[in-house]
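Peer 1: Can you read through this structure? Questions will come right after.
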Amino acid sequence: MRTDYLFTSESVSEGHPDKVSDQISDAIVDLFLSKDPEARIACETLTTTQLVVLAGEIRCKGVYENGEWAPGAKEEIEAAVRATVKRIGYEQDGFHWEKLEFINRLHGQSAHIAQGVDAGENKDEGAGDQGIMFGYATDETPDLMPATLYYSHKILERMAADRHSGTAQFLEPDAKSQVTLRYEGSLPVAATAVVVSTQHKQGYDENDPAKKAELEAYVKKVVADIIPPVLLRETVYYINPTGTFEIGGPDGDAGLTGRKIIVDTYGGAAPHGGGAFSGKDPTKVDRSAAYITRYLAKNVVAAGLATRCTIQIAYAIGVSQPLSLYVDTHETGTVGDDKIEQAILGIAKLGGLTPRSIRTHLGLNKPIYQPTAAYGHFGRKPEGDFFPWERLDLVADLKAALA
């Protein structure tokens, strides 16, 4: 096992074109779930210069039934799209919440998919798709997330907050960050490189030494507020390394739902099953099973059973019971990984990890998804109905099962 190495993770801001698409798709998920908790949604979004296109399949009581839209439903969908773009802050010539063209190509859910997923008289509800999903937790940070991704997210969250508040009026919504840490053993000891590329106002000329110095000083101050000073003693900064960054967001590069799956999860520190989250209702196990595996892994680490934990689960479309459950504590466990697997499957309130039991235990049939679509689905603070997979309410059950 390597004990001295460099590792890097990146994040992207809420104004990144792919993240704009994710947030729009999840705004549609929330809209439909607010009307019908049993709604089925698979919504993909394309964003480009002054254009947003929705495509996908839906089924929702009171909104889309028997191949027909309810009165006012299309207008409500368009309003949700424009409100999302406005909240992010796009009022530019190339992408403006009020002026963009909107095309809705959502249509009814396939009956062949529905027959496999819906519960029937003699069967439980099946998984919405086949696939493998992973959850991960590590004691590197208070939120039990990889430090490289944790810091990358926090830098961009702070910059977005400063932009919205007016503290940094020269910023525009599109931005990316990247943090490289040197590890000794299992813990970071130095941030060797920090990369931040941020869109800025037109006319904010980075060839002007004073403007360039202002931007660099601002970014370094944000980084110093986020990353502990002890890690910044040898840091090399790359701030807008290409130079001027005025054209950004969907005007600078087309965006699509589901293209930032590593940013959404663990920054490359853990495996990924390949399925994106945004735009999908919780019957899609790409989403709900990824949430339950994070919940399980986080509680394993919080219970002191390991300092690192990866959990995999697998499903077949239309089948309610998981095909497999796998726990790997990376040789940091205080008990055998097989015993943790048995403990998880034996906890009654988890219901055998069927899709319905996951949604019931975590309370996923609610309009709680748009906040997940920027700055990561994991490592967030559980508040009310939001981010329930970040709760630590399984610790006592795990300890009791392994006593």
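Numbering starts fresh at 1 for the residues of each chain in the structure tokens, the chains themselves are lettered A, B, ... in the order given, and ligands are numbered from 1 as they appear.
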Quick one: which segment 300-379 of chain A residues come within 12 Å of segment 87-101 of chain A, and what is the nearest atom pair for each with the distance in Å to one decimal, counting only C-alpha atoms, rows ordered by chain and ascending number, as a Markdown table?
Peer 2:
```
| residue | atom | partner | partner_atom | distance |
| --- | --- | --- | --- | --- |
| A:Gln370 | CA | A:Arg87 | CA | 11.7 |
| A:Pro371 | CA | A:Ile88 | CA | 11.8 |
| A:Ala373 | CA | A:Ile88 | CA | 11.7 |
| A:Ala374 | CA | A:Ile88 | CA | 10.4 |
```
Peer 1: If we count only C-alpha atoms, what is near segment 270-287 of chain A at a cut-off of 7 Å, once residues fewer than 5 positions away on the same chain are taken out, given as a list in words?
Peer 2: Asp22, Ser25, Asp26, Val29, Arg40, Ile41, Ala42, Cys43, Glu44, Ala127, Gly128, Asp129, Ile132, Met133, Phe134, Tyr136, Thr257, Gly258, Ile261, Pro355, Arg359, Leu364, Asn365 and Ala373 of chain A
Peer 1: Let's have the selection written as a CSV table (one decimal), in the first residue's frame, with N, CA and C atoms.
Peer 2:
```
chain,number,residue,atom,x,y,z
A,22,ASP,N,-28.0,19.9,-15.2
A,22,ASP,CA,-28.4,19.1,-14.1
A,22,ASP,C,-29.4,19.8,-13.2
A,25,SER,N,-32.8,19.8,-15.0
A,25,SER,CA,-33.4,18.4,-14.9
A,25,SER,C,-34.0,18.1,-13.5
A,26,ASP,N,-33.3,18.5,-12.5
A,26,ASP,CA,-33.8,18.3,-11.1
A,26,ASP,C,-34.9,19.2,-10.7
A,29,VAL,N,-37.8,17.3,-11.9
A,29,VAL,CA,-38.1,16.2,-11.0
A,29,VAL,C,-38.8,16.7,-9.8
A,40,ARG,N,-43.1,9.4,-12.3
A,40,ARG,CA,-41.9,8.8,-12.9
A,40,ARG,C,-41.3,9.8,-13.8
A,41,ILE,N,-40.0,10.1,-13.7
A,41,ILE,CA,-39.4,11.1,-14.5
A,41,ILE,C,-38.0,10.7,-14.9
A,42,ALA,N,-37.7,10.9,-16.2
A,42,ALA,CA,-36.4,10.7,-16.7
A,42,ALA,C,-36.2,11.9,-17.7
A,43,CYS,N,-35.6,12.9,-17.1
A,43,CYS,CA,-35.6,14.2,-17.9
A,43,CYS,C,-34.1,14.6,-18.2
A,44,GLU,N,-33.8,14.7,-19.5
A,44,GLU,CA,-32.5,15.1,-19.9
A,44,GLU,C,-32.6,16.6,-20.4
A,127,ALA,N,-36.7,-2.7,-9.5
A,127,ALA,CA,-35.8,-1.6,-9.7
A,127,ALA,C,-36.1,-1.0,-11.1
A,128,GLY,N,-35.9,0.4,-11.2
A,128,GLY,CA,-36.1,1.1,-12.4
A,128,GLY,C,-35.1,0.8,-13.5
A,129,ASP,N,-34.0,0.2,-13.2
A,129,ASP,CA,-33.0,-0.2,-14.2
A,129,ASP,C,-32.1,-1.2,-13.6
A,132,ILE,N,-24.9,-1.2,-11.3
A,132,ILE,CA,-24.1,-1.2,-10.1
A,132,ILE,C,-24.0,0.2,-9.5
A,133,MET,N,-24.1,0.3,-8.2
A,133,MET,CA,-23.9,1.6,-7.6
A,133,MET,C,-23.0,1.5,-6.4
A,134,PHE,N,-22.2,2.6,-6.2
A,134,PHE,CA,-21.2,2.6,-5.1
A,134,PHE,C,-21.5,3.7,-4.1
A,136,TYR,N,-19.3,5.6,-0.6
A,136,TYR,CA,-18.0,5.7,-0.1
A,136,TYR,C,-18.0,6.7,1.1
A,257,THR,N,-27.2,17.0,-19.2
A,257,THR,CA,-27.4,16.4,-17.9
A,257,THR,C,-26.5,15.2,-17.8
A,258,GLY,N,-25.9,15.0,-16.6
A,258,GLY,CA,-25.2,13.7,-16.3
A,258,GLY,C,-23.8,13.6,-16.8
A,261,ILE,N,-20.4,13.1,-13.3
A,261,ILE,CA,-20.7,12.1,-12.3
A,261,ILE,C,-19.6,12.0,-11.3
A,355,PRO,N,-35.8,-1.4,-3.7
A,355,PRO,CA,-36.0,0.0,-4.1
A,355,PRO,C,-37.1,0.7,-3.3
A,359,ARG,N,-36.5,4.0,-0.6
A,359,ARG,CA,-37.2,5.3,-0.7
A,359,ARG,C,-38.0,5.6,0.5
A,364,LEU,N,-37.5,9.6,0.0
A,364,LEU,CA,-37.0,10.1,-1.3
A,364,LEU,C,-38.1,10.6,-2.2
A,365,ASN,N,-39.4,10.2,-1.9
A,365,ASN,CA,-40.4,10.6,-2.9
A,365,ASN,C,-40.9,12.0,-2.6
A,373,ALA,N,-27.9,19.2,-7.2
A,373,ALA,CA,-27.4,19.3,-8.6
A,373,ALA,C,-26.2,20.2,-8.8
```
Peer 1: For Thr180 of chain A, please output as an MDAnalysis selection string all residues within 8 Å (counting only C-alpha atoms; exclusion window: fewer than 3 positions along the same chain).
Peer 2: chainID A and resid 6:9 148 191:194
Peer 1: Go ahead and write the selection's residues with all heavy atoms as a PDB file, in the first residue's frame.
Peer 2:
```pdb
ATOM      1  N   LEU A   6       0.366  11.805  -4.515  1.00  0.00           N
ATOM      2  CA  LEU A   6      -0.462  12.954  -4.847  1.00  0.00           C
ATOM      3  C   LEU A   6      -1.810  12.475  -5.365  1.00  0.00           C
ATOM      4  O   LEU A   6      -1.885  11.491  -6.113  1.00  0.00           O
ATOM      5  CB  LEU A   6       0.206  13.821  -5.915  1.00  0.00           C
ATOM      6  CG  LEU A   6       1.557  14.430  -5.586  1.00  0.00           C
ATOM      7  CD1 LEU A   6       2.079  15.211  -6.788  1.00  0.00           C
ATOM      8  CD2 LEU A   6       1.485  15.327  -4.359  1.00  0.00           C
ATOM      9  N   PHE A   7      -2.866  13.179  -4.995  1.00  0.00           N
ATOM     10  CA  PHE A   7      -4.197  12.862  -5.510  1.00  0.00           C
ATOM     11  C   PHE A   7      -4.941  14.168  -5.779  1.00  0.00           C
ATOM     12  O   PHE A   7      -4.792  15.140  -5.030  1.00  0.00           O
ATOM     13  CB  PHE A   7      -4.997  11.988  -4.543  1.00  0.00           C
ATOM     14  CG  PHE A   7      -6.239  11.405  -5.158  1.00  0.00           C
ATOM     15  CD1 PHE A   7      -6.158  10.298  -5.991  1.00  0.00           C
ATOM     16  CD2 PHE A   7      -7.472  11.979  -4.944  1.00  0.00           C
ATOM     17  CE1 PHE A   7      -7.302   9.765  -6.582  1.00  0.00           C
ATOM     18  CE2 PHE A   7      -8.618  11.459  -5.528  1.00  0.00           C
ATOM     19  CZ  PHE A   7      -8.525  10.340  -6.353  1.00  0.00           C
ATOM     20  N   THR A   8      -5.754  14.180  -6.842  1.00  0.00           N
ATOM     21  CA  THR A   8      -6.426  15.387  -7.299  1.00  0.00           C
ATOM     22  C   THR A   8      -7.909  15.140  -7.526  1.00  0.00           C
ATOM     23  O   THR A   8      -8.299  14.076  -8.019  1.00  0.00           O
ATOM     24  CB  THR A   8      -5.795  15.872  -8.628  1.00  0.00           C
ATOM     25  OG1 THR A   8      -4.399  16.075  -8.448  1.00  0.00           O
ATOM     26  CG2 THR A   8      -6.431  17.176  -9.091  1.00  0.00           C
ATOM     27  N   SER A   9      -8.735  16.120  -7.180  1.00  0.00           N
ATOM     28  CA  SER A   9     -10.160  16.118  -7.531  1.00  0.00           C
ATOM     29  C   SER A   9     -10.543  17.489  -8.054  1.00  0.00           C
ATOM     30  O   SER A   9      -9.933  18.505  -7.687  1.00  0.00           O
ATOM     31  CB  SER A   9     -11.037  15.781  -6.327  1.00  0.00           C
ATOM     32  OG  SER A   9     -10.805  14.475  -5.862  1.00  0.00           O
ATOM     33  N   THR A 148      -9.712  16.199  -1.171  1.00  0.00           N
ATOM     34  CA  THR A 148      -9.500  16.894  -2.436  1.00  0.00           C
ATOM     35  C   THR A 148     -10.810  17.430  -3.006  1.00  0.00           C
ATOM     36  O   THR A 148     -10.886  18.572  -3.478  1.00  0.00           O
ATOM     37  CB  THR A 148      -8.836  15.951  -3.449  1.00  0.00           C
ATOM     38  OG1 THR A 148      -9.548  14.704  -3.469  1.00  0.00           O
ATOM     39  CG2 THR A 148      -7.375  15.706  -3.094  1.00  0.00           C
ATOM     40  N   ALA A 191      -1.225  20.858   0.255  1.00  0.00           N
ATOM     41  CA  ALA A 191      -1.886  21.153  -1.013  1.00  0.00           C
ATOM     42  C   ALA A 191      -0.811  21.629  -1.976  1.00  0.00           C
ATOM     43  O   ALA A 191      -0.308  22.749  -1.856  1.00  0.00           O
ATOM     44  CB  ALA A 191      -2.952  22.227  -0.829  1.00  0.00           C
ATOM     45  N   THR A 192      -0.434  20.778  -2.904  1.00  0.00           N
ATOM     46  CA  THR A 192       0.665  21.121  -3.803  1.00  0.00           C
ATOM     47  C   THR A 192       0.216  22.005  -4.958  1.00  0.00           C
ATOM     48  O   THR A 192       1.020  22.765  -5.504  1.00  0.00           O
ATOM     49  CB  THR A 192       1.332  19.854  -4.362  1.00  0.00           C
ATOM     50  OG1 THR A 192       0.355  19.103  -5.091  1.00  0.00           O
ATOM     51  CG2 THR A 192       1.894  19.004  -3.228  1.00  0.00           C
ATOM     52  N   ALA A 193      -1.062  21.922  -5.361  1.00  0.00           N
ATOM     53  CA  ALA A 193      -1.558  22.738  -6.469  1.00  0.00           C
ATOM     54  C   ALA A 193      -3.039  23.033  -6.292  1.00  0.00           C
ATOM     55  O   ALA A 193      -3.809  22.160  -5.878  1.00  0.00           O
ATOM     56  CB  ALA A 193      -1.325  22.035  -7.806  1.00  0.00           C
ATOM     57  N   VAL A 194      -3.424  24.261  -6.620  1.00  0.00           N
ATOM     58  CA  VAL A 194      -4.826  24.667  -6.641  1.00  0.00           C
ATOM     59  C   VAL A 194      -5.076  25.365  -7.975  1.00  0.00           C
ATOM     60  O   VAL A 194      -4.352  26.307  -8.335  1.00  0.00           O
ATOM     61  CB  VAL A 194      -5.174  25.612  -5.482  1.00  0.00           C
ATOM     62  CG1 VAL A 194      -6.603  26.144  -5.639  1.00  0.00           C
ATOM     63  CG2 VAL A 194      -5.022  24.911  -4.140  1.00  0.00           C
TER      64      VAL A 194
END
```
Peer 1: Where does DSSP see alpha helix (DSSP H) in segment 137-362 of chain A, if you list the residues as a PyMOL selection string?
Peer 2: chain A and resi 147-165+209-226+249-252+261-264+285-302+337-346+355-362
Peer 1: Which is closest to Thr307 of chain A among A:Ala83, A:Val335, A:Leu398, A:Ala210, if we use only C-alpha atoms?
Peer 2: A:Val335
Peer 1: For a test of reading the model, state the distance in Å between atom CA of Glu157 of chain A and atom CA of Tyr375 of chain A, rounded to one decimal.
Peer 2: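 Interatomic distance here is 7.1 Å.
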Peer 1: So that I can check the surroundings of Ala396 of chain A, please list as a PyMOL selection string every protein, DNA and RNA residue that reaches within 12 Å of it, counting only C-alpha atoms and ignoring chain neighbours fewer than 3 positions away.
Peer 2: chain A and resi 299-300+302-305+343+347+392-393+399-403
Peer 1: Quick one: write out the picked residues with N, CA, C and O atoms as a PDB file, in the first residue's frame?
Peer 2:
```pdb
ATOM      1  N   ASN A 299     -22.226   5.733   7.718  1.00  0.00           N
ATOM      2  CA  ASN A 299     -22.543   5.257   9.060  1.00  0.00           C
ATOM      3  C   ASN A 299     -21.535   4.218   9.544  1.00  0.00           C
ATOM      4  O   ASN A 299     -21.236   4.151  10.736  1.00  0.00           O
ATOM      5  N   VAL A 300     -20.997   3.404   8.639  1.00  0.00           N
ATOM      6  CA  VAL A 300     -19.951   2.453   9.015  1.00  0.00           C
ATOM      7  C   VAL A 300     -18.734   3.193   9.558  1.00  0.00           C
ATOM      8  O   VAL A 300     -18.178   2.846  10.602  1.00  0.00           O
ATOM      9  N   ALA A 302     -18.636   6.380  10.650  1.00  0.00           N
ATOM     10  CA  ALA A 302     -19.023   7.142  11.851  1.00  0.00           C
ATOM     11  C   ALA A 302     -19.156   6.240  13.075  1.00  0.00           C
ATOM     12  O   ALA A 302     -18.935   6.688  14.205  1.00  0.00           O
ATOM     13  N   ALA A 303     -19.480   4.977  12.847  1.00  0.00           N
ATOM     14  CA  ALA A 303     -19.602   4.025  13.956  1.00  0.00           C
ATOM     15  C   ALA A 303     -18.248   3.535  14.447  1.00  0.00           C
ATOM     16  O   ALA A 303     -18.183   2.759  15.408  1.00  0.00           O
ATOM     17  N   GLY A 304     -17.166   3.956  13.797  1.00  0.00           N
ATOM     18  CA  GLY A 304     -15.836   3.526  14.199  1.00  0.00           C
ATOM     19  C   GLY A 304     -15.482   2.132  13.727  1.00  0.00           C
ATOM     20  O   GLY A 304     -14.513   1.538  14.207  1.00  0.00           O
ATOM     21  N   LEU A 305     -16.243   1.609  12.765  1.00  0.00           N
ATOM     22  CA  LEU A 305     -15.981   0.269  12.247  1.00  0.00           C
ATOM     23  C   LEU A 305     -14.877   0.267  11.205  1.00  0.00           C
ATOM     24  O   LEU A 305     -14.360  -0.796  10.853  1.00  0.00           O
ATOM     25  N   ALA A 343     -24.516  -7.632   8.853  1.00  0.00           N
ATOM     26  CA  ALA A 343     -25.197  -6.706   9.757  1.00  0.00           C
ATOM     27  C   ALA A 343     -26.147  -5.797   8.986  1.00  0.00           C
ATOM     28  O   ALA A 343     -27.292  -5.566   9.404  1.00  0.00           O
ATOM     29  N   ILE A 347     -30.528  -5.587   9.360  1.00  0.00           N
ATOM     30  CA  ILE A 347     -31.206  -4.456  10.014  1.00  0.00           C
ATOM     31  C   ILE A 347     -32.602  -4.315   9.421  1.00  0.00           C
ATOM     32  O   ILE A 347     -32.767  -3.970   8.244  1.00  0.00           O
ATOM     33  N   LEU A 392     -26.693  10.306  10.276  1.00  0.00           N
ATOM     34  CA  LEU A 392     -25.904   9.298  10.996  1.00  0.00           C
ATOM     35  C   LEU A 392     -26.787   8.546  11.997  1.00  0.00           C
ATOM     36  O   LEU A 392     -26.399   8.305  13.133  1.00  0.00           O
ATOM     37  N   ASP A 393     -27.973   8.173  11.561  1.00  0.00           N
ATOM     38  CA  ASP A 393     -28.940   7.534  12.460  1.00  0.00           C
ATOM     39  C   ASP A 393     -28.913   6.011  12.379  1.00  0.00           C
ATOM     40  O   ASP A 393     -29.791   5.348  12.929  1.00  0.00           O
ATOM     41  N   LYS A 399     -23.739  -0.877  15.439  1.00  0.00           N
ATOM     42  CA  LYS A 399     -22.999  -1.307  16.635  1.00  0.00           C
ATOM     43  C   LYS A 399     -23.716  -2.452  17.339  1.00  0.00           C
ATOM     44  O   LYS A 399     -23.085  -3.422  17.792  1.00  0.00           O
ATOM     45  N   ALA A 400     -25.047  -2.344  17.417  1.00  0.00           N
ATOM     46  CA  ALA A 400     -25.810  -3.402  18.099  1.00  0.00           C
ATOM     47  C   ALA A 400     -25.747  -4.710  17.313  1.00  0.00           C
ATOM     48  O   ALA A 400     -25.618  -5.788  17.894  1.00  0.00           O
ATOM     49  N   ALA A 401     -25.806  -4.614  15.996  1.00  0.00           N
ATOM     50  CA  ALA A 401     -25.790  -5.824  15.164  1.00  0.00           C
ATOM     51  C   ALA A 401     -24.429  -6.521  15.224  1.00  0.00           C
ATOM     52  O   ALA A 401     -24.345  -7.738  15.027  1.00  0.00           O
ATOM     53  N   LEU A 402     -23.384  -5.749  15.514  1.00  0.00           N
ATOM     54  CA  LEU A 402     -22.030  -6.316  15.534  1.00  0.00           C
ATOM     55  C   LEU A 402     -21.481  -6.530  16.942  1.00  0.00           C
ATOM     56  O   LEU A 402     -20.327  -6.923  17.109  1.00  0.00           O
ATOM     57  N   ALA A 403     -22.325  -6.277  17.937  1.00  0.00           N
ATOM     58  CA  ALA A 403     -21.873  -6.430  19.336  1.00  0.00           C
ATOM     59  C   ALA A 403     -21.629  -7.912  19.667  1.00  0.00           C
ATOM     60  O   ALA A 403     -22.298  -8.805  19.151  1.00  0.00           O
TER      61      ALA A 403
END
```
Peer 1: Considering only C-alpha atoms, state which residue in the set A:Thr360, A:Asn240, A:Ser165, A:Thr265 is at the smallest distance from Arg380 of chain A.
Peer 2: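 Using only C-alpha atoms, the shortest distance to Arg380 of chain A belongs to A:Thr265.
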Peer 1: Mind checking which residues fall within 9 Å of Asp328 of chain A, counting only C-alpha atoms, ignoring those fewer than 5 positions away in the same chain, and posting them as number ranges by chain?
Peer 2: A: 308-312, 333, 337-338
Peer 1: With C-alpha atoms retained, write the just-selected residues as a JSON list (two decimals), in the first residue's frame.
Peer 2:
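The file below, result.json, is the result:
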```
[["chain", "number", "residue", "atom", "x", "y", "z"],
["A", 308, "ARG", "CA", -12.53, 4.12, 4.91],
["A", 309, "CYS", "CA", -15.44, 2.21, 3.45],
["A", 310, "THR", "CA", -16.64, 1.41, -0.06],
["A", 311, "ILE", "CA", -19.99, -0.31, -0.59],
["A", 312, "GLN", "CA", -21.34, -1.72, -3.88],
["A", 333, "GLY", "CA", -11.99, -2.32, 9.53],
["A", 337, "ASP", "CA", -16.12, -6.92, 5.95],
["A", 338, "ASP", "CA", -18.35, -9.99, 5.64]]
```
Peer 1: Which residues come within 9 Å of Ala27 of chain A, counting only C-alpha atoms, excluding same-chain residues fewer than 6 positions away, as number ranges by chain?
Peer 2: A: 77, 80-81, 84, 279, 367, 369-370
Peer 1: Between atom CA of Asp30 of chain A and atom CA of Arg356 of chain A, what distance in Å does the model show, to one decimal?
Peer 2: 18.6 Å
